[in-house]
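One structure is given below, encoded as structure tokens.
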Amino acid sequence: MELVTITETKSVGLPGCSYIYAPAGQAGEYAPLAANPYRGCGHACSYCLTGETLIQMSDGSTKQIADICVGDSIIGIVSNGGRSWGTRITTTVVLAKVESVKAAYRVTLEDGTSAVCSGDHRWLTDRGWKHTTPLTSGQRPFLTTNNSIRKLGTAMLTPPESESYRLGYIAGMIEGDGSIGIYDYSQKRRPSGKTMGVQHRFRLALKDAIGLTRTKRYLDSLDVETTDFEFTKETATRAAMSAIGTCSPARVARITALLIPIEDSEWKRGWLAGIFDAEGSHGKEALMIANNDERILTMTEDALKSFGFEFVRDDTAHPKQGIRILGGRPEHLRFWQLCNPAIIRKFDMDGSAISESVRITSIEPLGVDLPMFDIMTGTENFIANGMISHNCYVPLVLKMKRPEFDAGAVARPNFLDHLRKDALKYYDAKIHEQVMLSFTTDVYSPFDRSLTRPTLMILREYGLGFCVLTKGGTRALEDIDLYRPDRDAFASTLTSLDDSFSLKWERGAALPSNRLDALKAFHKIGIFTWVSLEPTLDCESSLKIIKQTHEFVDLYKIGRVNYLPMTKTTDWKSYTERIVELCAKLGVAHYVKRDLQCFLPTGYYNPIRVKQNHA
């Protein structure tokens, strides 16, 4: 392969073509032409919360907003038709997530609840939706200490599943709804004449498969294998039930030993989750755990006391005794957030009204810029640290309708027809440059990819090359047969080779190892490959990427990041010098983008594009 360097390029965009266009500004450093089959989140949100903000999930648990993923099911609110907009609880879905860095403010309420957010973030108050701070010029509704923010109880981070928690859950579930024992059938004979002998049996039957699945998973983690079987079939009066069980004496003995109580707070938390899944109920007015075994009721009360829950004995669960947790919805929420039961069917809040409001005591600037997140949902709102919070307005910025934007990757209407018309014009003009996909939405995203392959086929048909820049990793292999070694290119963005680093900064993207697998596969069949080292979140990571990938990457495009606090003290001059020295040492082609070109040695040869030709 002969590399031909091109230091300058003139625009090859044709007038009247908007579906194949010449990208302007910094985008032009990546490709002479581009096309965008999809539209979606522009990642330009300013209505944000810091990453530790707790979001109320639809299963009763909470999750930090930094850990929220597209597709997560959460709690939102809808209008009840009156003037007090948004006072009914409903389940909604996270449709997009964006990240930015903004000046931070802390909003604190009388009950101690607080959240760190941007000045643009909006909250539902007793006087309607209000931004955190006023505009420096112009007017908009903003928070004051005369306002109260509407709330859905309190919020605590749902703890992870520890080993003690799993043991407690197993004990609560099996004690509440399981059957375990040793049965002597020595006096009974089988049809063959042999005695039935002593049998060891464990069985757990539930109509909620999710509780059964969790119990089986926990037992499996302890090397206790169980068998799945159908317990009862569905009838007109009875729901179908599945079961797990074993007749192995050793396994039954092991399960019996697992039921011994442990004086440990995590065990008690697991016990409460397990006994609730087995014997609990949760309506709009009451959360109860019922059983007719005094020992089980006493153990449950002891666990509740250890976490500060107040409760009473209630005989309305006749013929069983019930334990009813007091404190209303705030304490019910705390139970779900703390204990994290598996059977989310019992977490029933849809349609409930939100009437609680808590007065604001302070809105204080923190004097720093912080990384922040926002999520977009089907209801355009969510519950943040117990407070009702509004989505951002990216759809308005992009001039997109809400359903199109919310899908994450939306096919542009009639895109293929328009693309074909533009491609014909380029063909007639004898322009055969590479068209890059895509500057707005990854064409190998986890969402819609229905246009990706047809787009590549049309570009091929009209003699145009193509290059795909993606974080989709091996999803791109579904179209590898369309890539031509002498015409096309495959590229990936890499910020780190560490999966945990990527999960923090590039949620939703394929892991780095997966992206490397894709680059290797394309390089193996002779496709020109390149890597975008932008944004540079960590200089050492970028250097490491080059060292470990240069054998299957033909070109590196090197940039920086301008807005994250973590890089405000980065010595970009030193980074530029080190990275070009490394590229020279390894003999790899590279292009240093404009933000770093001021640090290049005078007269440094820096081709804007490197294009492959075959002799």
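Identifiers in the structure tokens: chain A, B, ... in order shown; residue index from 1 per chain; ligand index from 1 in order shown.
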Name all residues at most 9 Å from A:Glu161 (count only C-alpha atoms; drop same-chain ones fewer than 3 positions away) and give them as a ChimeraX atom specification.
/A:164-166,266,270
Emit the selected residues as an mmCIF file, in the first residue's frame, including N, CA, C and O atoms.
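Resulting contents of again_23.cif:
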data_model
loop_
_atom_site.group_PDB
_atom_site.id
_atom_site.type_symbol
_atom_site.label_atom_id
_atom_site.label_comp_id
_atom_site.auth_asym_id
_atom_site.auth_seq_id
_atom_site.Cartn_x
_atom_site.Cartn_y
_atom_site.Cartn_z
ATOM 1 N N SER A 164 -23.306 -11.386 52.301
ATOM 2 C CA SER A 164 -24.234 -11.502 53.423
ATOM 3 C C SER A 164 -25.654 -11.174 52.993
ATOM 4 O O SER A 164 -26.614 -11.801 53.449
ATOM 5 N N TYR A 165 -25.796 -10.170 52.119
ATOM 6 C CA TYR A 165 -27.125 -9.833 51.599
ATOM 7 C C TYR A 165 -27.727 -11.023 50.862
ATOM 8 O O TYR A 165 -28.904 -11.360 51.046
ATOM 9 N N ARG A 166 -26.925 -11.685 50.033
ATOM 10 C CA ARG A 166 -27.429 -12.828 49.281
ATOM 11 C C ARG A 166 -27.845 -13.970 50.208
ATOM 12 O O ARG A 166 -28.876 -14.619 49.981
ATOM 13 N N GLU A 266 -26.142 -6.508 56.771
ATOM 14 C CA GLU A 266 -26.354 -6.886 55.379
ATOM 15 C C GLU A 266 -27.225 -8.132 55.268
ATOM 16 O O GLU A 266 -28.055 -8.247 54.377
ATOM 17 N N GLY A 270 -30.864 -8.336 53.381
ATOM 18 C CA GLY A 270 -31.244 -9.391 52.448
ATOM 19 C C GLY A 270 -32.461 -10.158 52.915
ATOM 20 O O GLY A 270 -33.331 -10.520 52.115
#
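Of the residues under consideration (A:Gly211, A:Arg269, A:Pro37, A:Ala155), A:Pro37 shows the shortest atom-to-atom contact distance to A:Asn414 when counting only C-alpha atoms.
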In stretch 373-598 of chain A, what's helix (DSSP H, G or I) per DSSP? Answer as number ranges by chain?
A: 394-397, 402-406, 415-428, 452-461, 473-482, 499-505, 512-524, 539-549, 565-567, 572-586, 594-597
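Shortest atom-to-atom contact with A:Val252 among A:Ile431, A:Ile180, A:Ile296, A:Leu326: A:Ile180, counting only C-alpha atoms.
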Find the residues around A:Leu555 up to 6 Å (only C-alpha atoms counted), leave out those fewer than 2 positions away in its own chain, and share them as an MDAnalysis selection string.
chainID A and resid 530 553 589:590
Those residues you just picked out, can you put them in a file as a CSV table (one decimal), in the first residue's frame with all heavy atoms?
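Final output, again_37.csv:
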chain,number,residue,atom,x,y,z
A,530,TRP,N,-7.9,3.9,10.7
A,530,TRP,CA,-7.4,5.0,11.5
A,530,TRP,C,-8.1,5.2,12.8
A,530,TRP,O,-9.2,4.6,13.0
A,530,TRP,CB,-7.3,6.3,10.7
A,530,TRP,CG,-8.5,6.9,10.1
A,530,TRP,CD1,-9.1,6.6,8.9
A,530,TRP,CD2,-9.4,7.9,10.7
A,530,TRP,NE1,-10.2,7.3,8.6
A,530,TRP,CE2,-10.4,8.1,9.7
A,530,TRP,CE3,-9.4,8.6,11.9
A,530,TRP,CZ2,-11.4,9.0,10.0
A,530,TRP,CZ3,-10.4,9.5,12.1
A,530,TRP,CH2,-11.4,9.7,11.2
A,553,VAL,N,-3.1,-0.2,12.8
A,553,VAL,CA,-3.8,1.1,12.6
A,553,VAL,C,-2.9,1.9,11.6
A,553,VAL,O,-1.7,2.0,11.9
A,553,VAL,CB,-4.0,1.9,13.9
A,553,VAL,CG1,-4.4,3.3,13.6
A,553,VAL,CG2,-5.0,1.2,14.8
A,589,ALA,N,1.9,7.0,10.5
A,589,ALA,CA,1.3,8.2,9.9
A,589,ALA,C,0.4,8.9,10.9
A,589,ALA,O,-0.3,8.2,11.7
A,589,ALA,CB,0.5,7.9,8.6
A,590,HIS,N,0.4,10.2,11.0
A,590,HIS,CA,-0.5,10.9,11.9
A,590,HIS,C,-0.8,12.3,11.4
A,590,HIS,O,-0.1,12.9,10.6
A,590,HIS,CB,0.3,11.0,13.3
A,590,HIS,CG,1.6,11.7,13.2
A,590,HIS,ND1,2.8,11.0,12.7
A,590,HIS,CD2,2.0,12.9,13.5
A,590,HIS,CE1,3.8,11.9,12.7
A,590,HIS,NE2,3.4,13.0,13.2
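Proximity to A:Gly274 at 6 Å, evaluated using only C-alpha atoms and with sequence-adjacent residues fewer than 6 positions away removed, yields Tyr169, Gly172 and Met173 of chain A.
Each of A:Gly197, A:Pro371, A:Gly280, A:Gly378 was checked against A:Gly51 using only C-alpha atoms; the smallest atom-to-atom distance is that of A:Pro371.
The shortest atom-to-atom distance to A:Asp479, with only C-alpha atoms taken into account, belongs to A:Ser450 out of A:Phe231, A:Ser450, A:Glu310, A:Ser502.
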DSSP says strand (DSSP E) for which residues of stretch 226-419 of chain A? Put them as an NGL selection string?
:A and (227-232 or 241-246 or 280-282 or 287-291 or 311-314 or 321-325 or 357-377 or 381-384 or 387-390 or 409-411)
Generate the output file for the selected residues, C-alpha atoms, as an mmCIF file, in the first residue's frame.
data_model
loop_
_atom_site.group_PDB
_atom_site.id
_atom_site.type_symbol
_atom_site.label_atom_id
_atom_site.label_comp_id
_atom_site.auth_asym_id
_atom_site.auth_seq_id
_atom_site.Cartn_x
_atom_site.Cartn_y
_atom_site.Cartn_z
ATOM 1 C CA THR A 227 -33.456 -27.994 38.830
ATOM 2 C CA ASP A 228 -36.147 -25.892 37.123
ATOM 3 C CA PHE A 229 -39.583 -27.419 36.650
ATOM 4 C CA GLU A 230 -43.223 -26.488 36.124
ATOM 5 C CA PHE A 231 -45.134 -26.594 39.405
ATOM 6 C CA THR A 232 -48.692 -25.760 38.311
ATOM 7 C CA MET A 241 -46.195 -21.339 38.872
ATOM 8 C CA SER A 242 -42.625 -22.353 38.157
ATOM 9 C CA ALA A 243 -40.318 -23.929 40.702
ATOM 10 C CA ILE A 244 -36.749 -24.833 41.498
ATOM 11 C CA GLY A 245 -35.779 -27.831 43.592
ATOM 12 C CA THR A 246 -33.379 -30.633 44.387
ATOM 13 C CA GLY A 280 -44.989 -9.150 51.174
ATOM 14 C CA SER A 281 -47.492 -6.844 49.516
ATOM 15 C CA HIS A 282 -47.425 -3.181 48.647
ATOM 16 C CA LEU A 287 -46.576 -2.080 52.785
ATOM 17 C CA MET A 288 -47.021 -5.360 54.650
ATOM 18 C CA ILE A 289 -45.236 -8.640 55.313
ATOM 19 C CA ALA A 290 -47.519 -11.471 56.447
ATOM 20 C CA ASN A 291 -46.778 -14.930 57.857
ATOM 21 C CA PHE A 311 -44.298 -0.821 62.252
ATOM 22 C CA VAL A 312 -47.367 -2.402 63.862
ATOM 23 C CA ARG A 313 -48.834 -5.899 63.926
ATOM 24 C CA ASP A 314 -51.899 -6.046 61.712
ATOM 25 C CA GLN A 321 -50.481 -12.087 61.029
ATOM 26 C CA GLY A 322 -49.090 -9.060 59.200
ATOM 27 C CA ILE A 323 -46.403 -6.494 59.897
ATOM 28 C CA ARG A 324 -47.365 -3.109 58.482
ATOM 29 C CA ILE A 325 -44.619 -0.510 57.992
ATOM 30 C CA SER A 357 -43.344 20.142 48.823
ATOM 31 C CA VAL A 358 -40.327 21.203 50.874
ATOM 32 C CA ARG A 359 -39.125 24.773 51.228
ATOM 33 C CA ILE A 360 -35.775 25.852 49.778
ATOM 34 C CA THR A 361 -33.273 27.148 52.329
ATOM 35 C CA SER A 362 -30.409 28.083 49.995
ATOM 36 C CA ILE A 363 -29.198 28.257 46.388
ATOM 37 C CA GLU A 364 -25.417 28.701 46.585
ATOM 38 C CA PRO A 365 -22.761 28.901 43.855
ATOM 39 C CA LEU A 366 -19.872 26.504 44.512
ATOM 40 C CA GLY A 367 -17.379 28.516 42.480
ATOM 41 C CA VAL A 368 -16.223 25.552 40.356
ATOM 42 C CA ASP A 369 -17.122 23.923 37.071
ATOM 43 C CA LEU A 370 -18.055 20.248 37.420
ATOM 44 C CA PRO A 371 -18.838 17.371 35.043
ATOM 45 C CA MET A 372 -22.631 16.991 34.915
ATOM 46 C CA PHE A 373 -25.191 14.673 33.355
ATOM 47 C CA ASP A 374 -28.730 14.936 32.111
ATOM 48 C CA ILE A 375 -31.137 12.271 30.953
ATOM 49 C CA MET A 376 -34.072 12.537 28.598
ATOM 50 C CA THR A 377 -37.179 10.485 29.302
ATOM 51 C CA ASN A 381 -38.897 14.640 33.679
ATOM 52 C CA PHE A 382 -37.458 12.399 36.382
ATOM 53 C CA ILE A 383 -36.942 12.216 40.154
ATOM 54 C CA ALA A 384 -33.502 13.460 41.269
ATOM 55 C CA MET A 387 -37.053 16.118 43.817
ATOM 56 C CA ILE A 388 -38.959 16.507 40.557
ATOM 57 C CA SER A 389 -36.550 17.556 37.826
ATOM 58 C CA HIS A 390 -36.997 18.495 34.160
ATOM 59 C CA ALA A 409 -30.747 7.130 16.596
ATOM 60 C CA VAL A 410 -33.545 8.093 14.244
ATOM 61 C CA ALA A 411 -33.515 7.400 10.516
#
